[in-house]
$ cat coords_3.cif   # mmCIF, C-alpha atoms and all ligand atoms
data_model
#
loop_
_atom_site.label_atom_id
_atom_site.label_comp_id
_atom_site.auth_asym_id
_atom_site.auth_seq_id
_atom_site.Cartn_x
_atom_site.Cartn_y
_atom_site.Cartn_z
CA MET A 1 0.00 0.00 0.00
CA SER A 2 1.00 3.58 -0.47
CA PHE A 3 -0.18 7.11 0.18
CA LEU A 4 -1.98 8.90 -2.60
CA VAL A 5 -1.52 12.65 -2.48
CA ARG A 6 -3.48 15.13 -4.56
CA PHE A 7 -2.88 18.87 -4.90
CA TRP A 8 -6.09 20.92 -5.12
CA GLY A 9 -4.67 24.33 -4.25
CA VAL A 10 -0.99 25.28 -4.12
CA ARG A 11 -1.06 29.09 -4.07
CA GLY A 12 -0.20 31.20 -1.06
CA SER A 13 -2.08 34.15 0.41
CA ILE A 14 -4.79 34.80 -2.22
CA PRO A 15 -6.25 33.02 -5.27
CA THR A 16 -4.56 34.03 -8.52
CA PRO A 17 -6.60 32.95 -11.55
CA GLY A 18 -5.30 34.05 -14.94
CA ARG A 19 -3.14 33.20 -17.91
CA THR A 20 0.21 33.44 -16.18
CA THR A 21 -0.72 30.98 -13.43
CA LYS A 22 -2.70 28.54 -15.53
CA ARG A 23 -0.29 25.62 -15.38
CA ILE A 24 0.57 25.77 -11.66
CA GLY A 25 -2.92 26.90 -10.67
CA GLY A 26 -4.38 29.79 -8.69
CA ASN A 27 -6.31 28.15 -5.85
CA THR A 28 -5.10 28.45 -2.28
CA SER A 29 -3.86 25.61 -0.06
CA CYS A 30 -5.59 22.26 -0.09
CA VAL A 31 -3.99 18.82 -0.29
CA ASP A 32 -5.56 15.45 0.34
CA VAL A 33 -3.63 12.43 1.55
CA ARG A 34 -5.24 9.00 1.29
CA TRP A 35 -4.34 5.58 2.58
CA GLY A 36 -6.87 3.05 1.32
CA ASP A 37 -10.27 4.43 2.31
CA GLU A 38 -8.89 6.85 4.90
CA LEU A 39 -9.05 10.44 3.79
CA PHE A 40 -6.93 13.18 5.37
CA ILE A 41 -7.46 16.74 4.19
CA CYS A 42 -4.75 19.32 4.80
CA ASP A 43 -6.18 22.84 4.83
CA ALA A 44 -9.32 24.15 3.19
CA GLY A 45 -8.21 26.96 0.92
CA THR A 46 -10.16 27.60 -2.27
CA GLY A 47 -8.78 24.41 -3.84
CA ILE A 48 -11.08 22.36 -1.62
CA ARG A 49 -14.11 23.26 -3.72
CA GLU A 50 -12.80 21.04 -6.50
CA LEU A 51 -11.99 18.24 -4.05
CA GLY A 52 -15.59 18.46 -2.86
CA SER A 53 -16.88 18.07 -6.41
CA GLU A 54 -14.61 15.07 -6.97
CA LEU A 55 -15.76 13.43 -3.73
CA MET A 56 -19.42 14.07 -4.59
CA ALA A 57 -18.91 12.42 -7.97
CA SER A 58 -17.02 9.40 -6.67
CA ALA A 59 -18.45 8.68 -3.18
CA ALA A 60 -20.76 5.69 -3.15
CA GLY A 61 -21.92 6.03 0.45
CA PRO A 62 -21.37 8.10 3.57
CA LEU A 63 -18.05 9.89 3.65
CA THR A 64 -15.71 10.26 6.61
CA ALA A 65 -12.65 12.48 6.47
CA HIS A 66 -10.13 14.04 8.83
CA PHE A 67 -9.19 17.70 8.61
CA PHE A 68 -5.73 18.90 9.57
CA PHE A 69 -5.24 22.64 9.45
CA SER A 70 -1.88 24.35 9.38
CA HIS A 71 -3.58 27.41 10.88
CA MET A 72 -6.62 29.55 10.39
CA HIS A 73 -5.40 32.28 8.05
CA TRP A 74 -7.89 32.99 5.28
CA ASP A 75 -6.02 31.30 2.49
CA HIS A 76 -6.25 28.03 4.44
CA ILE A 77 -9.94 28.03 5.39
CA GLN A 78 -11.75 30.13 2.82
CA GLY A 79 -12.88 27.20 0.69
CA PHE A 80 -14.51 25.33 3.57
CA PRO A 81 -18.05 26.76 3.14
CA PHE A 82 -17.85 25.74 -0.54
CA PHE A 83 -16.91 22.14 0.24
CA THR A 84 -20.20 20.51 -0.80
CA PRO A 85 -19.88 17.28 1.25
CA VAL A 86 -20.39 19.29 4.48
CA TYR A 87 -23.98 19.92 3.38
CA LEU A 88 -24.91 16.20 3.40
CA PRO A 89 -26.17 14.65 6.67
CA GLN A 90 -24.60 11.21 6.05
CA ASN A 91 -21.06 12.62 6.09
CA THR A 92 -18.72 12.97 9.07
CA PHE A 93 -15.72 15.26 9.37
CA HIS A 94 -13.24 15.28 12.21
CA VAL A 95 -11.45 18.58 12.73
CA HIS A 96 -8.19 17.83 14.50
CA SER A 97 -6.65 20.40 16.76
CA PRO A 98 -2.95 20.07 17.54
CA VAL A 99 -3.34 20.88 21.23
CA ARG A 100 -4.81 18.64 23.92
CA GLY A 101 -8.26 19.67 25.09
CA ASP A 102 -8.41 22.32 22.40
CA ASP A 103 -11.20 22.89 19.89
CA ALA A 104 -9.91 26.22 18.64
CA PHE A 105 -9.70 25.14 15.00
CA HIS A 106 -13.30 23.97 15.10
CA LYS A 107 -14.38 27.29 16.67
CA LEU A 108 -12.44 29.42 14.21
CA LEU A 109 -13.74 27.42 11.29
CA SER A 110 -17.30 28.06 12.38
CA GLY A 111 -16.45 31.70 13.08
CA GLN A 112 -15.79 32.46 9.42
CA MET A 113 -19.38 31.45 8.70
CA GLU A 114 -20.93 33.96 11.11
CA SER A 115 -23.89 35.60 9.43
CA ARG A 116 -22.29 38.87 8.38
CA TYR A 117 -19.56 37.03 6.51
CA PHE A 118 -21.47 34.16 4.94
CA PRO A 119 -25.12 33.38 4.15
CA VAL A 120 -25.16 29.86 5.61
CA ALA A 121 -24.57 29.37 9.34
CA PHE A 122 -22.08 26.73 10.48
CA ARG A 123 -24.77 25.00 12.57
CA ASP A 124 -26.85 24.57 9.41
CA LEU A 125 -24.22 22.40 7.76
CA SER A 126 -25.86 18.98 7.75
CA ALA A 127 -22.75 16.84 8.05
CA LYS A 128 -21.40 15.90 11.46
CA ILE A 129 -18.40 18.16 12.05
CA LEU A 130 -16.64 17.04 15.20
CA PRO A 131 -13.75 18.66 17.05
CA GLN A 132 -10.88 16.32 17.93
CA ASP A 133 -7.77 17.12 19.92
CA MET A 134 -4.37 15.53 20.07
CA ASP A 135 -3.17 13.42 22.96
CA GLY A 136 0.25 14.99 23.00
CA THR A 137 1.70 15.52 19.52
CA ARG A 138 0.78 12.19 17.99
CA LYS A 139 -2.21 9.97 17.37
CA GLU A 140 -3.08 6.98 15.28
CA ILE A 141 -5.99 7.03 12.85
CA ALA A 142 -6.78 3.72 11.13
CA GLY A 143 -3.17 2.64 11.36
CA VAL A 144 -1.78 5.93 10.11
CA ARG A 145 0.45 7.67 12.64
CA VAL A 146 -0.26 11.39 12.64
CA THR A 147 2.13 13.78 14.36
CA CYS A 148 2.31 17.54 14.46
CA PHE A 149 4.99 20.17 14.95
CA GLU A 150 4.61 23.82 15.92
CA GLN A 151 6.11 26.13 13.31
CA ARG A 152 7.18 29.79 13.17
CA HIS A 153 4.38 31.90 11.72
CA PRO A 154 2.42 34.97 12.89
CA GLY A 155 -0.16 33.51 15.29
CA THR A 156 1.60 30.12 14.98
CA SER A 157 1.07 27.27 12.52
CA TRP A 158 1.43 23.51 12.53
CA ALA A 159 3.09 20.94 10.31
CA TRP A 160 1.49 17.51 10.02
CA SER A 161 3.14 14.19 9.30
CA PHE A 162 1.40 11.02 8.10
CA GLU A 163 3.22 7.71 8.40
CA ARG A 164 2.37 4.12 7.77
CA ASP A 165 4.34 0.99 6.86
CA GLY A 166 7.55 2.97 6.49
CA VAL A 167 6.02 5.56 4.15
CA LYS A 168 5.99 9.17 5.30
CA VAL A 169 4.32 12.29 3.94
CA VAL A 170 4.83 15.68 5.62
CA TYR A 171 2.68 18.77 5.06
CA ALA A 172 4.45 21.85 6.41
CA THR A 173 3.23 25.16 5.08
CA ASP A 174 3.38 28.74 6.36
CA ASN A 175 6.58 28.37 8.27
CA GLU A 176 9.37 30.93 8.45
CA ILE A 177 12.25 28.54 8.90
CA ASP A 178 14.70 31.39 8.31
CA LEU A 179 13.78 32.99 11.64
CA THR A 180 14.60 29.76 13.47
CA LEU A 181 18.15 29.53 12.12
CA PRO A 182 20.80 29.92 14.83
CA ASP A 183 22.28 32.93 13.02
CA PRO A 184 19.74 34.30 10.51
CA ALA A 185 22.06 37.16 9.49
CA ALA A 186 24.70 34.66 8.35
CA VAL A 187 22.56 33.84 5.34
CA GLU A 188 22.90 37.35 3.98
CA ARG A 189 26.63 37.39 4.62
CA ASP A 190 27.04 34.18 2.62
CA PRO A 191 23.92 32.87 0.87
CA GLN A 192 25.88 29.96 -0.62
CA GLN A 193 26.67 28.43 2.75
CA PHE A 194 24.61 25.50 4.00
CA ARG A 195 21.98 26.66 6.52
CA ARG A 196 21.54 24.56 9.62
CA VAL A 197 17.86 24.22 10.45
CA PRO A 198 17.25 23.44 14.16
CA PRO A 199 17.26 19.69 14.87
CA GLY A 200 13.65 19.50 16.09
CA PHE A 201 12.18 20.32 12.70
CA VAL A 202 14.81 18.31 10.83
CA GLN A 203 13.85 15.32 12.96
CA PHE A 204 10.16 15.92 12.27
CA CYS A 205 10.82 15.82 8.51
CA ARG A 206 13.44 13.06 8.75
CA ASP A 207 13.27 10.51 5.90
CA ALA A 208 10.02 11.89 4.49
CA ASP A 209 9.21 10.29 1.17
CA LEU A 210 7.36 13.49 0.30
CA LEU A 211 7.73 16.87 1.98
CA ILE A 212 5.19 19.47 0.90
CA ALA A 213 6.45 22.77 2.23
CA ASP A 214 6.23 26.52 2.00
CA GLY A 215 9.16 27.97 0.07
CA GLN A 216 7.44 31.18 -0.90
CA TYR A 217 10.35 33.59 -1.24
CA SER A 218 13.48 33.87 -3.30
CA ASP A 219 16.71 35.01 -1.65
CA ALA A 220 16.23 38.44 -3.24
CA GLU A 221 12.66 38.83 -1.96
CA TYR A 222 13.06 37.57 1.57
CA PRO A 223 14.85 40.54 3.22
CA LYS A 224 11.77 42.68 2.50
CA LYS A 225 9.42 40.04 3.93
CA VAL A 226 11.06 39.10 7.20
CA GLY A 227 8.42 38.29 9.79
CA TRP A 228 5.67 37.58 7.25
CA GLY A 229 5.80 33.91 8.11
CA HIS A 230 7.29 32.31 5.01
CA THR A 231 10.61 30.80 4.09
CA ARG A 232 13.29 31.25 1.49
CA ALA A 233 12.96 28.32 -0.92
CA THR A 234 16.72 27.85 -0.65
CA THR A 235 16.49 27.39 3.13
CA LEU A 236 13.83 24.77 2.53
CA VAL A 237 16.25 22.93 0.26
CA ASP A 238 18.80 22.82 3.08
CA LEU A 239 16.16 21.43 5.43
CA ALA A 240 15.26 18.73 2.87
CA ILE A 241 18.93 17.81 2.58
CA ALA A 242 19.47 17.68 6.34
CA ALA A 243 16.36 15.53 6.79
CA ASP A 244 17.24 13.29 3.83
CA VAL A 245 13.90 13.93 2.17
CA LYS A 246 13.22 11.91 -0.96
CA GLN A 247 10.90 14.35 -2.78
CA LEU A 248 10.33 18.01 -1.99
CA ALA A 249 7.27 19.78 -3.35
CA LEU A 250 7.60 23.57 -3.28
CA PHE A 251 4.23 24.84 -2.08
CA HIS A 252 2.35 28.05 -1.17
CA HIS A 253 3.61 29.82 -4.30
CA ASP A 254 3.70 33.58 -4.03
CA PRO A 255 0.69 35.25 -5.70
CA LEU A 256 3.04 37.37 -7.81
CA ARG A 257 4.77 34.32 -9.23
CA GLY A 258 3.71 33.21 -12.71
CA ASP A 259 4.31 29.72 -14.09
CA ALA A 260 7.67 30.65 -15.59
CA ASP A 261 8.80 32.23 -12.31
CA VAL A 262 7.90 29.05 -10.45
CA ASP A 263 9.97 27.04 -12.93
CA ALA A 264 12.90 29.40 -12.31
CA MET A 265 12.51 28.90 -8.56
CA VAL A 266 12.62 25.13 -9.02
CA SER A 267 15.82 25.46 -11.08
CA VAL A 268 17.52 27.52 -8.38
CA CYS A 269 16.53 24.93 -5.76
CA ARG A 270 17.69 21.99 -7.85
CA GLU A 271 21.04 23.67 -8.47
CA ARG A 272 21.47 24.24 -4.77
CA ALA A 273 20.68 20.62 -3.89
CA ALA A 274 23.05 19.42 -6.60
CA ARG A 275 25.80 21.72 -5.30
CA PHE A 276 25.49 20.05 -1.89
CA GLY A 277 25.52 16.68 -3.63
CA HIS A 278 22.07 15.63 -2.50
CA GLY A 279 19.66 13.67 -4.69
CA THR A 280 16.39 14.94 -3.24
CA PHE A 281 13.96 15.45 -6.12
CA ILE A 282 12.58 18.99 -6.12
CA PHE A 283 9.51 20.08 -8.02
CA ALA A 284 6.73 22.62 -7.82
CA ALA A 285 3.38 21.49 -6.45
CA ARG A 286 0.70 22.20 -9.00
CA GLU A 287 -3.03 21.78 -9.12
CA GLY A 288 -4.46 18.57 -10.48
CA LEU A 289 -1.38 16.49 -9.69
CA GLU A 290 -1.76 13.13 -7.98
CA LEU A 291 1.27 11.29 -6.61
CA ARG A 292 1.59 7.77 -5.33
CA ILE A 293 4.09 7.75 -2.49
CA ASP A 294 5.76 4.43 -1.77
CA GLY A 295 8.37 3.78 0.87
CA ARG A 296 12.00 3.45 -0.09
CA ARG A 297 12.63 0.54 2.22
CA MET B 298 -6.64 66.37 -51.57
CA PRO B 299 -7.14 63.52 -49.14
CA ASP B 300 -9.69 60.90 -50.06
CA PHE B 301 -11.12 60.91 -46.55
CA GLU B 302 -12.46 63.55 -44.24
CA PHE B 303 -12.07 64.01 -40.53
CA ASP B 304 -15.45 63.92 -38.86
CA SER B 305 -15.57 66.65 -36.30
CA GLY B 306 -19.16 66.02 -35.28
CA GLU B 307 -20.58 63.70 -32.65
CA ALA B 308 -21.05 60.09 -33.75
CA SER B 309 -24.68 59.10 -34.10
CA MET B 310 -25.37 56.16 -31.77
CA THR B 311 -28.85 55.44 -33.02
CA SER B 312 -27.77 53.52 -36.11
CA LEU B 313 -25.45 51.13 -34.21
CA GLN B 314 -26.74 47.55 -34.31
CA PRO B 315 -25.26 44.99 -31.91
CA ILE B 316 -23.84 41.93 -33.62
CA PRO B 317 -25.76 38.89 -32.40
CA MET B 318 -23.59 36.26 -30.69
CA VAL B 319 -24.78 33.53 -33.06
CA ARG B 320 -23.04 35.27 -35.93
CA VAL B 321 -19.64 35.10 -34.22
CA ARG B 322 -17.68 32.33 -35.87
CA THR B 323 -15.67 30.20 -33.49
CA PHE B 324 -12.69 28.15 -34.50
CA THR B 325 -11.96 24.92 -32.68
CA THR B 326 -8.87 22.81 -32.89
CA PRO B 327 -8.54 19.42 -31.19
CA HIS B 328 -6.22 18.62 -28.30
CA VAL B 329 -3.19 16.82 -29.66
CA LEU B 330 -0.60 14.45 -28.29
CA GLU B 331 2.67 14.81 -30.18
CA MET B 332 5.14 11.98 -29.89
CA VAL B 333 8.50 13.71 -29.82
CA GLN B 334 10.52 10.64 -28.91
CA GLY B 335 9.66 7.07 -29.87
CA PRO B 336 9.07 4.91 -32.95
CA ASP B 337 8.60 7.07 -36.08
CA ALA B 338 8.62 10.28 -34.05
CA PRO B 339 7.56 12.98 -34.58
CA ARG B 340 3.96 11.85 -34.91
CA THR B 341 0.79 13.54 -33.77
CA PHE B 342 -2.39 12.03 -32.44
CA GLU B 343 -5.61 14.01 -32.32
CA LEU B 344 -7.42 13.32 -29.10
CA THR B 345 -10.98 12.64 -30.11
CA GLY B 346 -13.33 10.72 -27.85
CA ASP B 347 -13.59 10.85 -24.08
CA ARG B 348 -11.20 8.08 -23.11
CA LEU B 349 -8.05 6.81 -24.79
CA ILE B 350 -5.57 4.15 -23.80
CA VAL B 351 -1.89 4.37 -24.65
CA GLY B 352 0.21 1.22 -24.46
CA ARG B 353 1.78 -1.77 -26.14
CA ALA B 354 -1.38 -3.86 -26.64
CA VAL B 355 -3.00 -4.00 -30.08
CA THR B 356 -6.27 -2.86 -28.54
CA CYS B 357 -4.81 0.51 -27.46
CA ASP B 358 -6.02 3.71 -29.09
CA ILE B 359 -2.44 4.89 -29.33
CA ARG B 360 -0.23 1.87 -29.71
CA VAL B 361 3.50 1.99 -29.12
CA PRO B 362 5.00 -1.49 -29.57
CA LEU B 363 8.02 -1.11 -27.30
CA GLY B 364 9.15 -3.39 -24.49
CA GLU B 365 9.36 -0.72 -21.80
CA MET B 366 5.72 0.24 -22.40
CA SER B 367 3.14 -1.63 -20.37
CA ARG B 368 0.36 -3.33 -22.30
CA GLN B 369 -1.96 -0.61 -21.04
CA HIS B 370 0.30 2.15 -19.77
CA MET B 371 -1.71 5.36 -19.58
CA ARG B 372 -5.31 6.42 -19.89
CA LEU B 373 -6.41 9.85 -21.03
CA ASP B 374 -9.78 10.92 -19.64
CA ARG B 375 -11.60 13.98 -20.83
CA HIS B 376 -11.70 16.40 -17.91
CA GLN B 377 -13.16 19.90 -17.76
CA GLY B 378 -12.73 20.51 -21.45
CA GLY B 379 -9.21 19.10 -21.50
CA PHE B 380 -7.64 15.80 -20.49
CA ARG B 381 -6.35 14.08 -17.41
CA ALA B 382 -3.61 11.45 -17.76
CA VAL B 383 -3.76 8.42 -15.48
CA ASP B 384 -0.99 5.87 -14.93
CA LEU B 385 -2.49 2.37 -15.27
CA ASP B 386 -0.11 0.87 -12.69
CA SER B 387 2.51 0.58 -15.40
CA SER B 388 5.84 -1.02 -14.52
CA ASN B 389 7.94 1.95 -15.64
CA GLY B 390 5.63 4.68 -14.49
CA LEU B 391 4.22 7.86 -15.94
CA TYR B 392 6.25 11.06 -15.73
CA LEU B 393 4.85 14.55 -16.17
CA ASN B 394 7.60 17.14 -16.68
CA GLU B 395 10.00 14.78 -14.82
CA ILE B 396 7.63 14.21 -11.89
CA ARG B 397 6.43 10.63 -11.41
CA VAL B 398 2.65 10.93 -11.18
CA LYS B 399 -0.31 8.70 -10.56
CA SER B 400 -2.46 11.13 -12.48
CA ALA B 401 -2.38 14.72 -13.68
CA VAL B 402 -4.65 17.27 -15.27
CA LEU B 403 -2.80 18.22 -18.44
CA ARG B 404 -1.86 21.73 -19.47
CA ASP B 405 -0.50 23.09 -22.72
CA ASN B 406 3.04 21.93 -23.52
CA ASP B 407 3.21 19.35 -20.72
CA VAL B 408 5.71 16.59 -21.44
CA LEU B 409 4.61 13.04 -20.69
CA GLN B 410 7.18 10.29 -20.52
CA LEU B 411 6.32 6.58 -20.68
CA GLY B 412 9.45 4.46 -20.71
CA ASP B 413 11.63 5.92 -23.47
CA VAL B 414 8.68 7.44 -25.25
CA ALA B 415 7.88 11.12 -24.82
CA PHE B 416 4.77 13.03 -25.79
CA VAL B 417 3.98 16.72 -25.68
CA TYR B 418 0.39 17.66 -24.96
CA HIS B 419 -0.90 20.55 -27.03
CA GLU B 420 -4.09 22.11 -25.80
CA GLY B 421 -6.56 22.81 -28.56
CA THR B 422 -9.26 25.44 -28.47
CA THR B 423 -12.71 24.27 -27.53
ZN ZN C 501 -0.90 30.82 3.81
ZN ZN C 502 -0.51 32.12 7.20
#

$ encode --input "coords_3.cif" --output "structure tokens"
Amino acid sequence: MSFLVRFWGVRGSIPTPGRTTKRIGGNTSCVDVRWGDELFICDAGTGIRELGSELMASAAGPLTAHFFFSHMHWDHIQGFPFFTPVYLPQNTFHVHSPVRGDDAFHKLLSGQMESRYFPVAFRDLSAKILPQDMDGTRKEIAGVRVTCFEQRHPGTSWAWSFERDGVKVVYATDNEIDLTLPDPAAVERDPQQFRRVPPGFVQFCRDADLLIADGQYSDAEYPKKVGWGHTRATTLVDLAIAADVKQLALFHHDPLRGDADVDAMVSVCRERAARFGHGTFIFAAREGLELRIDGRR
Amino acid sequence: MPDFEFDSGEASMTSLQPIPMVRVRTFTTPHVLEMVQGPDAPRTFELTGDRLIVGRAVTCDIRVPLGEMSRQHMRLDRHQGGFRAVDLDSSNGLYLNEIRVKSAVLRDNDVLQLGDVAFVYHEGTT
């Protein structure tokens, strides 16, 4: 068995429809991760509308799925009210909060549907939408080990890892890894030098067969965006190398970045990985892509 | 003496007739798969129909009789006016622009690789 991963929205911050983003796609964050019949949904940006349509077309009976949110910024929740399966009473959705005894994600999700913002009230959604918390930082759902890691982002954000039978997929978006470096200023003094990401996050991503992660900024852009909560793509490459990641999907593409710019970003990252002699395969996440992730052991 | 005159007056709007939409001619071209590497390349295949199979078997819509191709290697499904490519659990996999994929919604100029055979997908106008 393997994980099946589908990208429904890969854009950061705001949807960007149009000619220049047609190939990569303009919908905001949404990825689904499946193991057999188990469905895990990472974030509910505008890409989730299309996932909803697909599930409506393919589901034979009642649907159960697990939601894992990185955080509650708009670009990660805005599609939720347009996710059609939540309007059907036979369906069940578990909204997992990373903190024990916490239902904050569930509360914030319902908050965006308060009457002045949206015509349908959260309580009128017919599906069962249940808050779940974490017993510590890990739990097991139908044999899949789910763990989370607190990241650096305004208001905080969480990375999620899904593991089973030696196969590992990590979803880690909206994370300013650069601010966690022991000496962030060293990067500007010598951008070519390998950047040592703190061991906690390296360990969390260790041996991932697929790491889907925010690498929103180029080296040139980042100095003007310090504190905005996103990482230099090149720093992400160094993390992937340190954690011996097999495949790295650049995610949360900047809204200003057209398809050709994303390609250029991938090239820069591949050159960097090659310079450090690491074989991690780097590519840009794009809408409508489905990957089968097998273990390497 | 110029053979035209500048009109300094206001244009009369009353005579303007809107062109009905039905009189607008539209041009459609089919989506095409262009084999850029493989037997007898370059060759092009117009993608008509809603579902096509590419592979080694004689029953395939696009047949490529090479050993590294699976009997049924890839399926193309019509999807939102274009096509989605699906790997049919082939032994050598399906690659989209170097990425090994289970399936992918195709965009203009995508490169699909099946074994040693490469296709470029050209989006038509619909
Ligand atoms: Zn975001
Ligand atoms: Zn954010």

$ residues_near_ligand --input "coords_3.cif" --ligand "ligand ZN 502 (chain C)" --cutoff "8 Å" --atoms "all atoms listed in the file" --output "number ranges by chain"
A: 13, 71-76, 153-154, 157, 174, 229

$ residues_near_ligand --input "coords_3.cif" --ligand "ligand ZN 501 (chain C)" --cutoff "12 Å" --atoms "all atoms listed in the file" --output "PyMOL selection string"
chain A and resi 9-15+27-30+43-46+69-78+153-158+172-176+213-216+228-231+251-255

$ interface_residues --input "coords_3.cif" --of "chain B" --to "chain A" --cutoff "8 Å" --atoms "all atoms listed in the file" --output "list in words"
Ile396, Arg397, Val398, Lys399, Ser400, Ala401, Val402, Arg404 and Asp405 of chain B

$ atom_distance --input "coords_3.cif" --atom1 "CA of Gly36 in chain A" --atom2 "CA of Glu54 in chain A"
16.5 Å

$ residues_around --input "coords_3.cif" --residues "Asp384 in chain B" --least-positions-apart "2" --cutoff "9 Å" --atoms "only C-alpha atoms" --output "PDB file with C-alpha atoms, keeping the file's coordinate frame"
ATOM      1  CA  GLN B 369      -1.960  -0.610 -21.040  1.00  0.00           C
ATOM      2  CA  HIS B 370       0.300   2.150 -19.770  1.00  0.00           C
ATOM      3  CA  MET B 371      -1.710   5.360 -19.580  1.00  0.00           C
ATOM      4  CA  ARG B 372      -5.310   6.420 -19.890  1.00  0.00           C
ATOM      5  CA  ALA B 382      -3.610  11.450 -17.760  1.00  0.00           C
ATOM      6  CA  ASP B 386      -0.110   0.870 -12.690  1.00  0.00           C
ATOM      7  CA  SER B 387       2.510   0.580 -15.400  1.00  0.00           C
ATOM      8  CA  GLY B 390       5.630   4.680 -14.490  1.00  0.00           C
ATOM      9  CA  LEU B 391       4.220   7.860 -15.940  1.00  0.00           C
ATOM     10  CA  TYR B 392       6.250  11.060 -15.730  1.00  0.00           C
ATOM     11  CA  VAL B 398       2.650  10.930 -11.180  1.00  0.00           C
ATOM     12  CA  LYS B 399      -0.310   8.700 -10.560  1.00  0.00           C
ATOM     13  CA  SER B 400      -2.460  11.130 -12.480  1.00  0.00           C
TER      14      SER B 400
END

$ closest_residue --input "coords_3.cif" --among "B:Gly379, B:Arg360, B:Ala354, B:Asn406" --to "Thr326 in chain B" --atoms "only C-alpha atoms"
B:Gly379

$ residues_around --input "coords_3.cif" --residues "Val417 in chain B" --least-positions-apart "5" --cutoff "6 Å" --atoms "all atoms listed in the file" --output "number ranges by chain"
B: 330-331, 406-408

$ closest_residue --input "coords_3.cif" --among "B:Val321, B:Ile316, B:Val383, B:Val414" --to "Met366 in chain B" --atoms "all atoms listed in the file"
B:Val414

$ residues_around --input "coords_3.cif" --residues "Lys139 in chain A" --least-positions-apart "4" --cutoff "12 Å" --atoms "all atoms listed in the file" --output "compact mmCIF listing (two decimals) with C-alpha atoms, in the frame of the given file"
# COMPACT_ATOMS: atom_id res chain seq x y z
CA HIS A 96 -8.19 17.83 14.50
CA SER A 97 -6.65 20.40 16.76
CA PRO A 98 -2.95 20.07 17.54
CA VAL A 99 -3.34 20.88 21.23
CA ARG A 100 -4.81 18.64 23.92
CA GLN A 132 -10.88 16.32 17.93
CA ASP A 133 -7.77 17.12 19.92
CA MET A 134 -4.37 15.53 20.07
CA ASP A 135 -3.17 13.42 22.96
CA GLY A 143 -3.17 2.64 11.36
CA VAL A 144 -1.78 5.93 10.11
CA ARG A 145 0.45 7.67 12.64
CA VAL A 146 -0.26 11.39 12.64
CA THR A 147 2.13 13.78 14.36
CA CYS A 148 2.31 17.54 14.46
CA TRP A 160 1.49 17.51 10.02
CA SER A 161 3.14 14.19 9.30
CA PHE A 162 1.40 11.02 8.10
CA GLU A 163 3.22 7.71 8.40

$ atom_distance --input "coords_3.cif" --atom1 "CA of Gly200 in chain A" --atom2 "CA of Glu38 in chain A"
28.2 Å

$ atom_distance --input "coords_3.cif" --atom1 "CA of Asn394 in chain B" --atom2 "CA of Gln334 in chain B"
14.2 Å

$ closest_residue --input "coords_3.cif" --among "B:Ala415, B:Leu385, B:Leu409, B:Leu373" --to "Leu349 in chain B" --atoms "all atoms listed in the file"
B:Leu373

$ closest_residue --input "coords_3.cif" --among "A:Ala233, A:Leu239, A:Ala57, A:Leu51" --to "Val266 in chain A" --atoms "only C-alpha atoms"
A:Ala233

$ residues_around --input "coords_3.cif" --residues "Asp413 in chain B" --least-positions-apart "5" --cutoff "12 Å" --atoms "only C-alpha atoms" --output "ChimeraX atom specification"
/B:332-336,338,361-367,389-392

$ residues_around --input "coords_3.cif" --residues "Gly378 in chain B" --least-positions-apart "6" --cutoff "12 Å" --atoms "all atoms listed in the file" --output "ChimeraX atom specification"
/B:327-328,344-347,402-404,420-423

$ write_last_selection --input "coords_3.cif" --atoms "C-alpha atoms" --output "PDB file, in the frame of the given file"
ATOM      1  CA  PRO B 327      -8.540  19.420 -31.190  1.00  0.00           C
ATOM      2  CA  HIS B 328      -6.220  18.620 -28.300  1.00  0.00           C
ATOM      3  CA  LEU B 344      -7.420  13.320 -29.100  1.00  0.00           C
ATOM      4  CA  THR B 345     -10.980  12.640 -30.110  1.00  0.00           C
ATOM      5  CA  GLY B 346     -13.330  10.720 -27.850  1.00  0.00           C
ATOM      6  CA  ASP B 347     -13.590  10.850 -24.080  1.00  0.00           C
ATOM      7  CA  VAL B 402      -4.650  17.270 -15.270  1.00  0.00           C
ATOM      8  CA  LEU B 403      -2.800  18.220 -18.440  1.00  0.00           C
ATOM      9  CA  ARG B 404      -1.860  21.730 -19.470  1.00  0.00           C
ATOM     10  CA  GLU B 420      -4.090  22.110 -25.800  1.00  0.00           C
ATOM     11  CA  GLY B 421      -6.560  22.810 -28.560  1.00  0.00           C
ATOM     12  CA  THR B 422      -9.260  25.440 -28.470  1.00  0.00           C
ATOM     13  CA  THR B 423     -12.710  24.270 -27.530  1.00  0.00           C
TER      14      THR B 423
END

$ closest_residue --input "coords_3.cif" --among "A:Ile177, A:Leu125, A:Val120, A:Val187" --to "Pro223 in chain A" --atoms "only C-alpha atoms"
A:Val187

$ closest_residue --input "coords_3.cif" --among "A:Asp124, A:Lys168, A:Phe82, A:Thr20" --to "Val33 in chain A" --atoms "all atoms listed in the file"
A:Lys168
